[in-house]
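A.B. asks: You'll find model-v8.cif just under this line, and it carries mmCIF, C-alpha atoms.
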data_data
#
loop_
_atom_site.label_atom_id
_atom_site.label_comp_id
_atom_site.auth_asym_id
_atom_site.auth_seq_id
_atom_site.Cartn_x
_atom_site.Cartn_y
_atom_site.Cartn_z
CA MET A 1 -48.26 12.82 74.13
CA ALA A 2 -44.90 11.89 72.68
CA GLU A 3 -45.03 9.93 69.49
CA LYS A 4 -44.26 6.23 69.86
CA HIS A 5 -40.82 5.65 68.28
CA LYS A 6 -40.00 2.70 66.11
CA ALA A 7 -36.26 2.00 65.97
CA ALA A 8 -34.47 2.14 62.62
CA PRO A 9 -33.67 -1.31 61.25
CA MET A 10 -30.62 -2.84 62.94
CA VAL A 11 -28.39 -5.84 62.33
CA ASP A 12 -28.90 -7.89 65.44
CA GLU A 13 -27.25 -11.17 64.54
CA VAL A 14 -23.87 -11.99 66.04
CA SER A 15 -21.67 -14.20 63.88
CA ASP A 16 -19.82 -17.26 65.16
CA PHE A 17 -16.54 -15.43 64.59
CA GLU A 18 -17.61 -12.53 66.80
CA ILE A 19 -18.49 -14.96 69.59
CA LEU A 20 -15.16 -16.74 69.11
CA GLU A 21 -13.27 -13.42 69.20
CA ALA A 22 -15.00 -12.35 72.43
CA ALA A 23 -14.32 -15.73 74.06
CA VAL A 24 -10.62 -15.74 73.14
CA ARG A 25 -10.24 -12.09 74.15
CA GLU A 26 -11.83 -12.66 77.56
CA LEU A 27 -9.67 -15.74 78.18
CA ALA A 28 -6.53 -13.80 77.21
CA ILE A 29 -7.43 -10.97 79.59
CA GLU A 30 -8.20 -13.45 82.37
CA LYS A 31 -4.85 -15.17 81.80
CA GLY A 32 -3.02 -11.83 81.91
CA LEU A 33 -1.69 -11.85 78.32
CA PHE A 34 -3.00 -8.30 77.92
CA THR A 35 -5.41 -6.02 79.74
CA ALA A 36 -8.80 -4.78 78.61
CA ASP A 37 -7.22 -1.33 78.31
CA ASP A 38 -4.42 -2.70 76.06
CA HIS A 39 -7.13 -4.17 73.86
CA ARG A 40 -9.06 -0.93 73.75
CA ARG A 41 -5.90 1.03 72.83
CA PHE A 42 -5.09 -1.38 70.03
CA THR A 43 -8.64 -1.25 68.70
CA GLU A 44 -8.54 2.54 68.79
CA PHE A 45 -5.22 2.49 66.93
CA ALA A 46 -6.57 0.01 64.37
CA HIS A 47 -9.54 2.25 63.64
CA SER A 48 -7.37 5.35 63.29
CA ILE A 49 -5.05 4.15 60.51
CA GLY A 50 -5.74 4.87 56.85
CA PRO A 51 -4.22 5.10 53.37
CA LEU A 52 -2.62 8.55 53.72
CA PRO A 53 0.95 7.38 54.48
CA ALA A 54 0.91 5.17 51.38
CA ALA A 55 -0.43 8.06 49.28
CA ARG A 56 2.48 10.18 50.48
CA LEU A 57 4.90 7.39 49.61
CA VAL A 58 3.52 7.35 46.05
CA ALA A 59 3.71 11.16 45.75
CA LYS A 60 7.29 11.17 47.02
CA ALA A 61 8.24 8.43 44.55
CA TRP A 62 6.73 10.47 41.69
CA LEU A 63 8.78 13.52 42.68
CA ASN A 64 12.05 11.95 43.76
CA PRO A 65 13.72 9.25 41.60
CA GLU A 66 16.13 8.32 44.42
CA PHE A 67 13.22 7.75 46.80
CA LYS A 68 11.42 5.71 44.15
CA LYS A 69 14.48 3.47 43.85
CA LEU A 70 14.46 2.97 47.62
CA ALA A 71 10.71 2.25 47.66
CA LEU A 72 11.07 -0.42 44.97
CA LYS A 73 14.08 -2.00 46.70
CA ASP A 74 13.04 -1.81 50.36
CA GLY A 75 9.44 -0.83 51.05
CA VAL A 76 9.85 -1.13 54.82
CA LYS A 77 12.77 1.33 54.83
CA ALA A 78 10.97 3.73 52.48
CA SER A 79 7.91 3.64 54.78
CA LEU A 80 9.97 5.27 57.55
CA GLU A 81 10.13 8.45 55.45
CA VAL A 82 6.33 8.74 55.56
CA GLY A 83 6.20 8.02 59.28
CA ILE A 84 5.43 4.30 59.28
CA ASP A 85 7.69 1.95 61.22
CA TRP A 86 6.67 -1.57 60.22
CA LEU A 87 8.61 -3.00 63.17
CA ASN A 88 6.65 -0.92 65.65
CA PRO A 89 3.62 0.41 63.78
CA THR A 90 1.44 1.04 66.81
CA GLY A 91 4.05 2.99 68.75
CA PHE A 92 3.24 0.94 71.87
CA GLY A 93 4.91 -2.35 71.21
CA THR A 94 2.16 -4.42 69.63
CA PRO A 95 3.17 -5.78 66.23
CA SER A 96 0.42 -5.88 63.65
CA ASP A 97 1.69 -7.67 60.59
CA TYR A 98 4.56 -9.28 58.73
CA THR A 99 7.21 -6.82 57.70
CA ASP A 100 8.06 -7.29 54.02
CA LEU A 101 6.38 -4.54 51.97
CA ARG A 102 6.78 -4.79 48.20
CA VAL A 103 5.91 -1.79 46.02
CA LEU A 104 4.68 -2.78 42.54
CA GLU A 105 5.48 -0.18 39.89
CA ASP A 106 2.98 0.29 37.05
CA THR A 107 4.36 1.15 33.61
CA PRO A 108 2.63 2.07 30.33
CA LYS A 109 2.63 -1.67 29.52
CA VAL A 110 2.01 -3.27 32.96
CA LYS A 111 -0.89 -2.63 35.36
CA HIS A 112 -0.71 -4.32 38.77
CA VAL A 113 -3.70 -5.23 40.93
CA VAL A 114 -3.55 -6.90 44.34
CA VAL A 115 -5.74 -9.63 45.84
CA CYS A 116 -5.41 -12.28 48.52
CA THR A 117 -7.27 -15.35 47.28
CA LEU A 118 -6.62 -17.27 50.51
CA CYS A 119 -7.84 -14.73 53.05
CA SER A 120 -7.35 -10.95 53.19
CA CYS A 121 -3.59 -10.15 53.39
CA TYR A 122 -3.21 -6.37 53.11
CA PRO A 123 -0.47 -3.85 53.99
CA ARG A 124 -2.39 -2.45 56.98
CA PRO A 125 0.35 -0.41 58.68
CA ILE A 126 0.65 1.83 55.61
CA LEU A 127 -2.74 1.47 53.90
CA GLY A 128 -5.10 1.11 56.86
CA HIS A 129 -7.84 -1.51 56.92
CA SER A 130 -8.91 -3.21 53.72
CA PRO A 131 -12.26 -2.27 52.21
CA GLU A 132 -15.07 -4.73 52.80
CA TRP A 133 -15.18 -5.78 49.11
CA TYR A 134 -11.48 -6.73 49.21
CA ARG A 135 -12.34 -9.46 51.71
CA THR A 136 -15.34 -10.89 49.86
CA PRO A 137 -15.12 -14.30 48.18
CA ASN A 138 -16.52 -12.62 45.06
CA TYR A 139 -13.49 -10.35 44.56
CA ARG A 140 -10.98 -12.94 45.77
CA ARG A 141 -12.23 -15.74 43.55
CA ARG A 142 -12.89 -13.75 40.44
CA LEU A 143 -9.93 -11.37 40.22
CA VAL A 144 -7.36 -14.07 39.42
CA ARG A 145 -9.70 -15.73 36.96
CA TRP A 146 -11.44 -12.81 35.19
CA PRO A 147 -9.33 -9.72 36.02
CA ARG A 148 -10.52 -7.62 33.08
CA GLN A 149 -14.17 -8.20 33.87
CA VAL A 150 -13.69 -7.41 37.56
CA LEU A 151 -11.70 -4.24 36.79
CA ALA A 152 -14.41 -3.19 34.34
CA GLU A 153 -16.92 -3.46 37.19
CA PHE A 154 -14.74 -0.90 39.03
CA GLY A 155 -14.90 1.29 35.91
CA LEU A 156 -11.37 0.51 34.77
CA GLN A 157 -10.97 -0.71 31.19
CA LEU A 158 -7.48 -1.11 29.79
CA PRO A 159 -6.25 -1.75 26.24
CA ALA A 160 -5.42 -5.32 25.26
CA ASP A 161 -1.71 -4.60 24.93
CA VAL A 162 -1.42 -3.59 28.59
CA GLU A 163 -0.45 -6.61 30.69
CA ILE A 164 -2.76 -6.92 33.68
CA ARG A 165 -0.60 -8.46 36.36
CA VAL A 166 -2.58 -9.81 39.31
CA GLU A 167 -0.53 -10.15 42.50
CA ASP A 168 -2.02 -12.87 44.70
CA SER A 169 -0.66 -12.03 48.15
CA ASN A 170 -0.48 -15.38 49.91
CA GLN A 171 2.64 -15.41 52.10
CA LYS A 172 4.53 -12.88 54.25
CA CYS A 173 5.01 -10.20 51.56
CA ARG A 174 2.52 -7.33 51.55
CA PHE A 175 1.90 -5.37 48.36
CA MET A 176 0.87 -1.88 47.30
CA VAL A 177 0.72 -0.49 43.78
CA LEU A 178 2.74 2.53 42.66
CA PRO A 179 0.47 3.84 39.89
CA MET A 180 1.70 6.06 37.05
CA ARG A 181 1.56 9.80 37.63
CA PRO A 182 -1.39 11.12 35.62
CA ALA A 183 -1.14 13.91 33.06
CA GLY A 184 -2.34 17.30 34.24
CA THR A 185 -0.30 17.31 37.45
CA ASP A 186 2.80 19.21 36.29
CA GLY A 187 4.31 21.39 38.99
CA TRP A 188 2.13 19.89 41.75
CA SER A 189 3.47 19.68 45.30
CA GLU A 190 3.85 16.42 47.21
CA GLU A 191 0.73 17.27 49.17
CA GLN A 192 -1.32 17.97 46.04
CA LEU A 193 -0.13 14.74 44.43
CA ALA A 194 -0.85 12.67 47.56
CA SER A 195 -4.42 14.00 47.57
CA ILE A 196 -5.29 12.20 44.32
CA VAL A 197 -3.76 8.84 45.29
CA THR A 198 -6.73 7.04 46.77
CA ARG A 199 -6.81 3.68 48.51
CA ASP A 200 -8.25 1.98 45.43
CA CYS A 201 -5.39 3.34 43.28
CA MET A 202 -2.94 1.56 45.58
CA ILE A 203 -4.88 -1.72 45.55
CA GLY A 204 -4.78 -1.35 41.77
CA VAL A 205 -8.49 -1.24 40.85
CA ALA A 206 -8.42 2.46 39.92
CA LEU A 207 -6.11 5.05 38.38
CA PRO A 208 -5.32 8.43 39.93
CA HIS A 209 -7.01 11.36 38.25
CA PRO A 210 -6.21 15.07 38.79
CA ASP A 211 -9.89 15.87 39.41
CA ARG A 212 -10.53 13.17 42.03
CA LYS A 213 -9.17 13.82 45.50
CA GLN A 214 -9.17 11.72 48.68
CA ASP A 215 -11.01 14.50 50.53
CA ASP A 216 -13.46 15.56 47.83
CA LYS A 217 -16.52 17.26 49.32
CA ARG A 218 -19.57 15.05 48.89
CA PRO A 219 -22.98 16.61 48.39
CA ILE A 220 -25.53 15.85 51.09
CA HIS A 221 -29.02 15.10 49.83
CA PRO A 222 -32.15 14.72 51.93
CA ALA A 223 -33.26 11.09 52.22
CA VAL A 224 -35.84 10.06 49.62
CA HIS A 225 -37.48 7.68 52.07
CA PRO A 226 -36.69 8.97 55.57
CA ILE A 227 -37.12 6.65 58.55
CA GLN A 228 -40.83 6.43 59.31
CA HIS A 229 -42.20 6.85 62.80
CA ASP A 230 -44.94 4.45 63.76
CA HIS A 231 -48.34 5.87 62.92
CA GLY A 232 -50.32 2.70 63.20
CA HIS A 233 -50.52 1.72 59.52
CA ASP A 234 -47.41 -0.45 59.14
CA HIS A 235 -49.31 -3.23 57.40
CA ASP A 236 -50.27 -0.81 54.63
CA HIS A 237 -46.64 -0.34 53.59
CA GLY A 238 -45.07 -2.19 50.74
CA HIS A 239 -47.96 -2.42 48.31
CA MET B 1 4.87 -11.52 80.85
CA LYS B 2 6.92 -14.16 79.03
CA ARG B 3 6.38 -13.75 75.25
CA SER B 4 6.42 -16.69 72.83
CA HIS B 5 9.78 -17.69 71.34
CA HIS B 6 8.54 -16.38 67.99
CA ALA B 7 7.71 -12.95 69.40
CA GLU B 8 11.12 -12.78 71.08
CA LYS B 9 12.91 -13.80 67.90
CA SER B 10 11.16 -11.26 65.66
CA THR B 11 10.99 -8.23 67.97
CA GLY B 12 13.21 -5.47 66.64
CA LYS B 13 14.03 -7.43 63.46
CA GLY B 14 10.69 -8.17 61.90
CA ASP B 15 9.25 -11.36 60.44
CA PRO B 16 10.48 -12.75 57.94
CA GLN B 17 13.75 -10.80 58.49
CA CYS B 18 14.39 -12.75 61.71
CA PHE B 19 14.98 -15.92 59.65
CA THR B 20 17.61 -14.36 57.35
CA GLY B 21 20.60 -16.64 56.82
CA GLU B 22 18.88 -19.82 58.03
CA ALA B 23 17.88 -21.46 54.74
CA GLY B 24 21.24 -21.95 53.03
CA PRO B 25 21.68 -21.18 49.32
CA ALA B 26 18.56 -20.52 47.21
CA LYS B 27 17.88 -23.27 44.66
CA PHE B 28 16.27 -21.09 41.96
CA LYS B 29 17.20 -17.80 40.30
CA VAL B 30 15.16 -14.95 38.85
CA GLY B 31 14.14 -15.82 35.28
CA GLU B 32 14.25 -19.59 35.78
CA ARG B 33 11.30 -21.71 34.61
CA VAL B 34 9.68 -23.73 37.39
CA ARG B 35 6.75 -26.12 37.78
CA ILE B 36 4.52 -26.17 40.88
CA LYS B 37 4.42 -29.61 42.51
CA ASN B 38 1.17 -31.16 43.58
CA LEU B 39 2.11 -32.13 47.13
CA PRO B 40 -0.38 -33.44 49.70
CA ASP B 41 -1.79 -30.73 52.00
CA ILE B 42 -3.92 -32.57 54.50
CA PHE B 43 -3.54 -30.10 57.40
CA TYR B 44 -2.55 -26.64 56.19
CA THR B 45 -1.08 -24.97 53.15
CA ARG B 46 -0.93 -21.57 51.44
CA CYS B 47 -0.23 -23.04 48.00
CA GLN B 48 -3.25 -22.34 45.83
CA VAL B 49 -4.84 -25.27 44.03
CA TYR B 50 -5.05 -23.23 40.81
CA THR B 51 -1.24 -23.21 40.53
CA ARG B 52 -0.66 -26.95 41.01
CA GLY B 53 1.12 -28.46 38.03
CA ALA B 54 1.42 -25.10 36.23
CA GLU B 55 4.67 -23.72 34.84
CA GLY B 56 5.87 -20.19 35.44
CA THR B 57 8.93 -17.97 35.75
CA VAL B 58 10.68 -16.91 38.95
CA ALA B 59 10.08 -13.13 39.21
CA VAL B 60 11.52 -12.36 42.67
CA VAL B 61 13.51 -14.32 45.25
CA THR B 62 11.89 -12.77 48.31
CA HIS B 63 13.09 -13.96 51.71
CA GLU B 64 13.70 -16.89 54.04
CA SER B 65 10.99 -18.16 56.35
CA PRO B 66 9.58 -21.42 57.66
CA ALA B 67 7.00 -22.77 55.20
CA PRO B 68 3.42 -22.12 56.37
CA GLU B 69 2.80 -25.88 56.40
CA ASP B 70 5.37 -26.05 59.25
CA GLU B 71 4.89 -22.68 60.87
CA ALA B 72 1.17 -23.37 61.37
CA TRP B 73 2.31 -25.96 63.94
CA ASP B 74 4.98 -23.68 65.46
CA ASN B 75 7.75 -25.62 63.72
CA THR B 76 10.41 -23.08 62.74
CA ASP B 77 13.36 -25.49 62.51
CA LYS B 78 13.86 -25.45 58.73
CA PRO B 79 13.32 -22.09 57.02
CA GLU B 80 13.17 -22.16 53.21
CA TRP B 81 13.65 -19.62 50.43
CA PHE B 82 10.48 -18.06 49.04
CA TYR B 83 9.86 -17.12 45.41
CA ILE B 84 7.32 -14.97 43.60
CA VAL B 85 6.47 -16.88 40.43
CA ARG B 86 4.81 -15.26 37.40
CA PHE B 87 2.33 -17.28 35.34
CA LYS B 88 0.76 -16.43 32.01
CA GLN B 89 -3.01 -16.41 32.52
CA LYS B 90 -3.31 -18.80 29.59
CA ASP B 91 -1.12 -21.34 31.42
CA LEU B 92 -3.47 -21.32 34.43
CA TRP B 93 -6.86 -21.18 32.72
CA GLY B 94 -7.03 -22.82 29.32
CA ASP B 95 -9.99 -20.71 28.19
CA TYR B 96 -8.46 -17.34 29.06
CA PRO B 97 -9.19 -15.08 26.06
CA ASP B 98 -6.49 -15.05 23.36
CA ALA B 99 -7.11 -11.30 22.99
CA TYR B 100 -5.01 -10.70 26.12
CA PRO B 101 -1.92 -12.89 25.72
CA ASN B 102 0.24 -10.80 28.10
CA ASP B 103 -2.01 -10.95 31.17
CA SER B 104 -0.38 -12.66 34.14
CA VAL B 105 -0.77 -13.73 37.77
CA GLN B 106 2.01 -13.70 40.34
CA THR B 107 2.02 -15.52 43.63
CA GLU B 108 4.53 -16.79 46.16
CA PHE B 109 5.82 -20.26 47.04
CA SER B 110 8.25 -21.80 49.48
CA GLU B 111 11.00 -23.79 47.81
CA ARG B 112 9.50 -27.21 48.55
CA TRP B 113 6.67 -26.52 46.07
CA LEU B 114 8.94 -25.81 43.09
CA GLU B 115 10.78 -28.03 40.62
CA LYS B 116 12.77 -27.14 37.53
CA ALA B 117 10.49 -27.06 34.47
#
Render the structure in this file as structure tokens.
C.D. replies:
Amino acid sequence: MAEKHKAAPMVDEVSDFEILEAAVRELAIEKGLFTADDHRRFTEFAHSIGPLPAARLVAKAWLNPEFKKLALKDGVKASLEVGIDWLNPTGFGTPSDYTDLRVLEDTPKVKHVVVCTLCSCYPRPILGHSPEWYRTPNYRRRLVRWPRQVLAEFGLQLPADVEIRVEDSNQKCRFMVLPMRPAGTDGWSEEQLASIVTRDCMIGVALPHPDRKQDDKRPIHPAVHPIQHDHGHDHDHGH
Amino acid sequence: MKRSHHAEKSTGKGDPQCFTGEAGPAKFKVGERVRIKNLPDIFYTRCQVYTRGAEGTVAVVTHESPAPEDEAWDNTDKPEWFYIVRFKQKDLWGDYPDAYPNDSVQTEFSERWLEKA
């Protein structure tokens, strides 16, 4: 006889915002503003974008002083060179954000870090979706108030004479950090350089390091406590 | 499908670029000292409470756009200039550690929130 299966724990609560989203979406489809297929295509697009174009922008700026000048002057124009058109980011006519990208250049004396204390403003067309922690009240409230402590929690400790400059993104500008090129990368190609510029480096909570790549292989370990199948002694667990 | 007037205005130009040239001359310049006003914000604002009354320096004159207090109600009649203002941490939080006198916060305001310091 087949063993009785007990499902792995699941999150089964639906938040008010999810209900609101579904209600508005269904009304919009009913009204003909967009179709269910349009919505699916946009969702698929939204899940496919990531930080790679921004990493390439950083690598290009490290290698090419003229491109760096352009990136600092007009981030939207510079984005075109890494394949991102802010005016038509989806490629099928659905806008996704405001269109004023500002690139913040770190120097030996200034370290930028980005937050949106009001909500979760983020340069999605070029950096993909924001990490979950970026949207938490914890990060948003504390970064402007205790930046050094918060950065230390990310493992980043900077000398006192480096100015930590927090950029609170609250209007139509979107921000990404252009970190300094780390030592140990002489002679690297654009592709090699882009591989060490992670999402967190461009939010500003981390520094690029020649040994840490976006696509590092992660070891796979067997689970210490694998999911248990029901064997009739559930009440014995947890002592 | 008829798009909203805002979508029609910004398509192909971008937002805030579609408001370029509508705000007249900018009142403040980069490097000028400004103070953040403490205006009422009963309905909607994007001006953080922690900046109210603080003094800072204009770092960037960014673009023209309706202020969020108006745009939230679809009022785009009077675009304003926007400014990124840089504050010393010490000027925002009195107990910020003296060990880090250079640390700063930058954030953006529409012109109505600024006065000469």
A.B. asks: Suppose you want the space between atom CA of A:Ser189 and atom CA of A:Trp62; what is it in Å?
C.D. replies: 10.4 Å
A.B. asks: If the cut-off is 8 Å, can you tell me the residues of chain A near chain B, counting only C-alpha atoms? I'd like them as a list of chain:residue names.
C.D. replies: A:Gly32, A:Leu33, A:Trp86, A:Leu87, A:Tyr98, A:Thr99, A:Asp100, A:Leu118, A:Val144, A:Arg145, A:Ala160, A:Asp161, A:Val162, A:Glu163, A:Ile164, A:Arg165, A:Val166, A:Glu167, A:Asp168, A:Ser169, A:Asn170, A:Gln171, A:Lys172
A.B. asks: Expressed in Å to a single decimal, how great is the separation between atom CA of B:Glu115 and atom CA of B:Gly24?
C.D. replies: 17.3 Å
A.B. asks: Neighbouring residues of A:Val205 were defined as those with any atom within 8 Å, considering all atoms listed in the file; residues of the same chain fewer than 3 positions away were excluded. Please report them as a short mmCIF file (atom, residue, chain, number, x, y, z; two decimals) with C-alpha atoms, in the frame of the given file.
C.D. replies:
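Listing of part10.cif after writing:
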data_model
loop_
_atom_site.label_atom_id
_atom_site.label_comp_id
_atom_site.auth_asym_id
_atom_site.auth_seq_id
_atom_site.Cartn_x
_atom_site.Cartn_y
_atom_site.Cartn_z
CA VAL A 113 -3.70 -5.23 40.93
CA LEU A 151 -11.70 -4.24 36.79
CA PHE A 154 -14.74 -0.90 39.03
CA LEU A 156 -11.37 0.51 34.77
CA ASP A 200 -8.25 1.98 45.43
CA CYS A 201 -5.39 3.34 43.28
CA MET A 202 -2.94 1.56 45.58
#
A.B. asks: Between atom CA of B:Leu39 and atom CA of B:Arg112, measure the distance and give it in Å to one decimal.
C.D. replies: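 Those two atoms sit 9.0 Å apart.
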A.B. asks: I need the residue set behind the PyMOL selection byres ((chain A and resi 119) around 10) for this file; please write it as a PDB file with C-alpha atoms, keeping the file's coordinate frame.
C.D. replies:
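Resulting contents of expr.pdb:
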ATOM      1  CA  VAL A 115      -5.740  -9.630  45.840  1.00  0.00           C
ATOM      2  CA  CYS A 116      -5.410 -12.280  48.520  1.00  0.00           C
ATOM      3  CA  THR A 117      -7.270 -15.350  47.280  1.00  0.00           C
ATOM      4  CA  LEU A 118      -6.620 -17.270  50.510  1.00  0.00           C
ATOM      5  CA  SER A 120      -7.350 -10.950  53.190  1.00  0.00           C
ATOM      6  CA  CYS A 121      -3.590 -10.150  53.390  1.00  0.00           C
ATOM      7  CA  TYR A 122      -3.210  -6.370  53.110  1.00  0.00           C
ATOM      8  CA  TYR A 134     -11.480  -6.730  49.210  1.00  0.00           C
ATOM      9  CA  ARG A 135     -12.340  -9.460  51.710  1.00  0.00           C
ATOM     10  CA  THR A 136     -15.340 -10.890  49.860  1.00  0.00           C
ATOM     11  CA  PRO A 137     -15.120 -14.300  48.180  1.00  0.00           C
ATOM     12  CA  ARG A 140     -10.980 -12.940  45.770  1.00  0.00           C
ATOM     13  CA  SER A 169      -0.660 -12.030  48.150  1.00  0.00           C
ATOM     14  CA  ASN A 170      -0.480 -15.380  49.910  1.00  0.00           C
TER      15      ASN A 170
ATOM     16  CA  ARG B  46      -0.930 -21.570  51.440  1.00  0.00           C
TER      17      ARG B  46
END
A.B. asks: Around the point (-6.5, 5.6, 44.5) in the file's coordinates, collect all residues with an atom within 10 Å, using only C-alpha atoms, and return them as a short mmCIF file (atom, residue, chain, number, x, y, z; two decimals) with C-alpha atoms, keeping the file's coordinate frame.
C.D. replies:
data_model
loop_
_atom_site.label_atom_id
_atom_site.label_comp_id
_atom_site.auth_asym_id
_atom_site.auth_seq_id
_atom_site.Cartn_x
_atom_site.Cartn_y
_atom_site.Cartn_z
CA PRO A 51 -4.22 5.10 53.37
CA ALA A 55 -0.43 8.06 49.28
CA VAL A 177 0.72 -0.49 43.78
CA LEU A 178 2.74 2.53 42.66
CA PRO A 179 0.47 3.84 39.89
CA ALA A 194 -0.85 12.67 47.56
CA SER A 195 -4.42 14.00 47.57
CA ILE A 196 -5.29 12.20 44.32
CA VAL A 197 -3.76 8.84 45.29
CA THR A 198 -6.73 7.04 46.77
CA ARG A 199 -6.81 3.68 48.51
CA ASP A 200 -8.25 1.98 45.43
CA CYS A 201 -5.39 3.34 43.28
CA MET A 202 -2.94 1.56 45.58
CA ILE A 203 -4.88 -1.72 45.55
CA GLY A 204 -4.78 -1.35 41.77
CA VAL A 205 -8.49 -1.24 40.85
CA ALA A 206 -8.42 2.46 39.92
CA LEU A 207 -6.11 5.05 38.38
CA PRO A 208 -5.32 8.43 39.93
CA HIS A 209 -7.01 11.36 38.25
CA ARG A 212 -10.53 13.17 42.03
CA LYS A 213 -9.17 13.82 45.50
CA GLN A 214 -9.17 11.72 48.68
#
A.B. asks: So which residues get picked by the PyMOL selection byres ((chain A and resi 90) around 12) here, written as JSON, numbers by chain?
C.D. replies: {"A": [38, 41, 42, 43, 44, 45, 46, 47, 48, 49, 83, 84, 85, 86, 87, 88, 89, 91, 92, 93, 94, 95, 96, 97, 124, 125, 126, 128]}
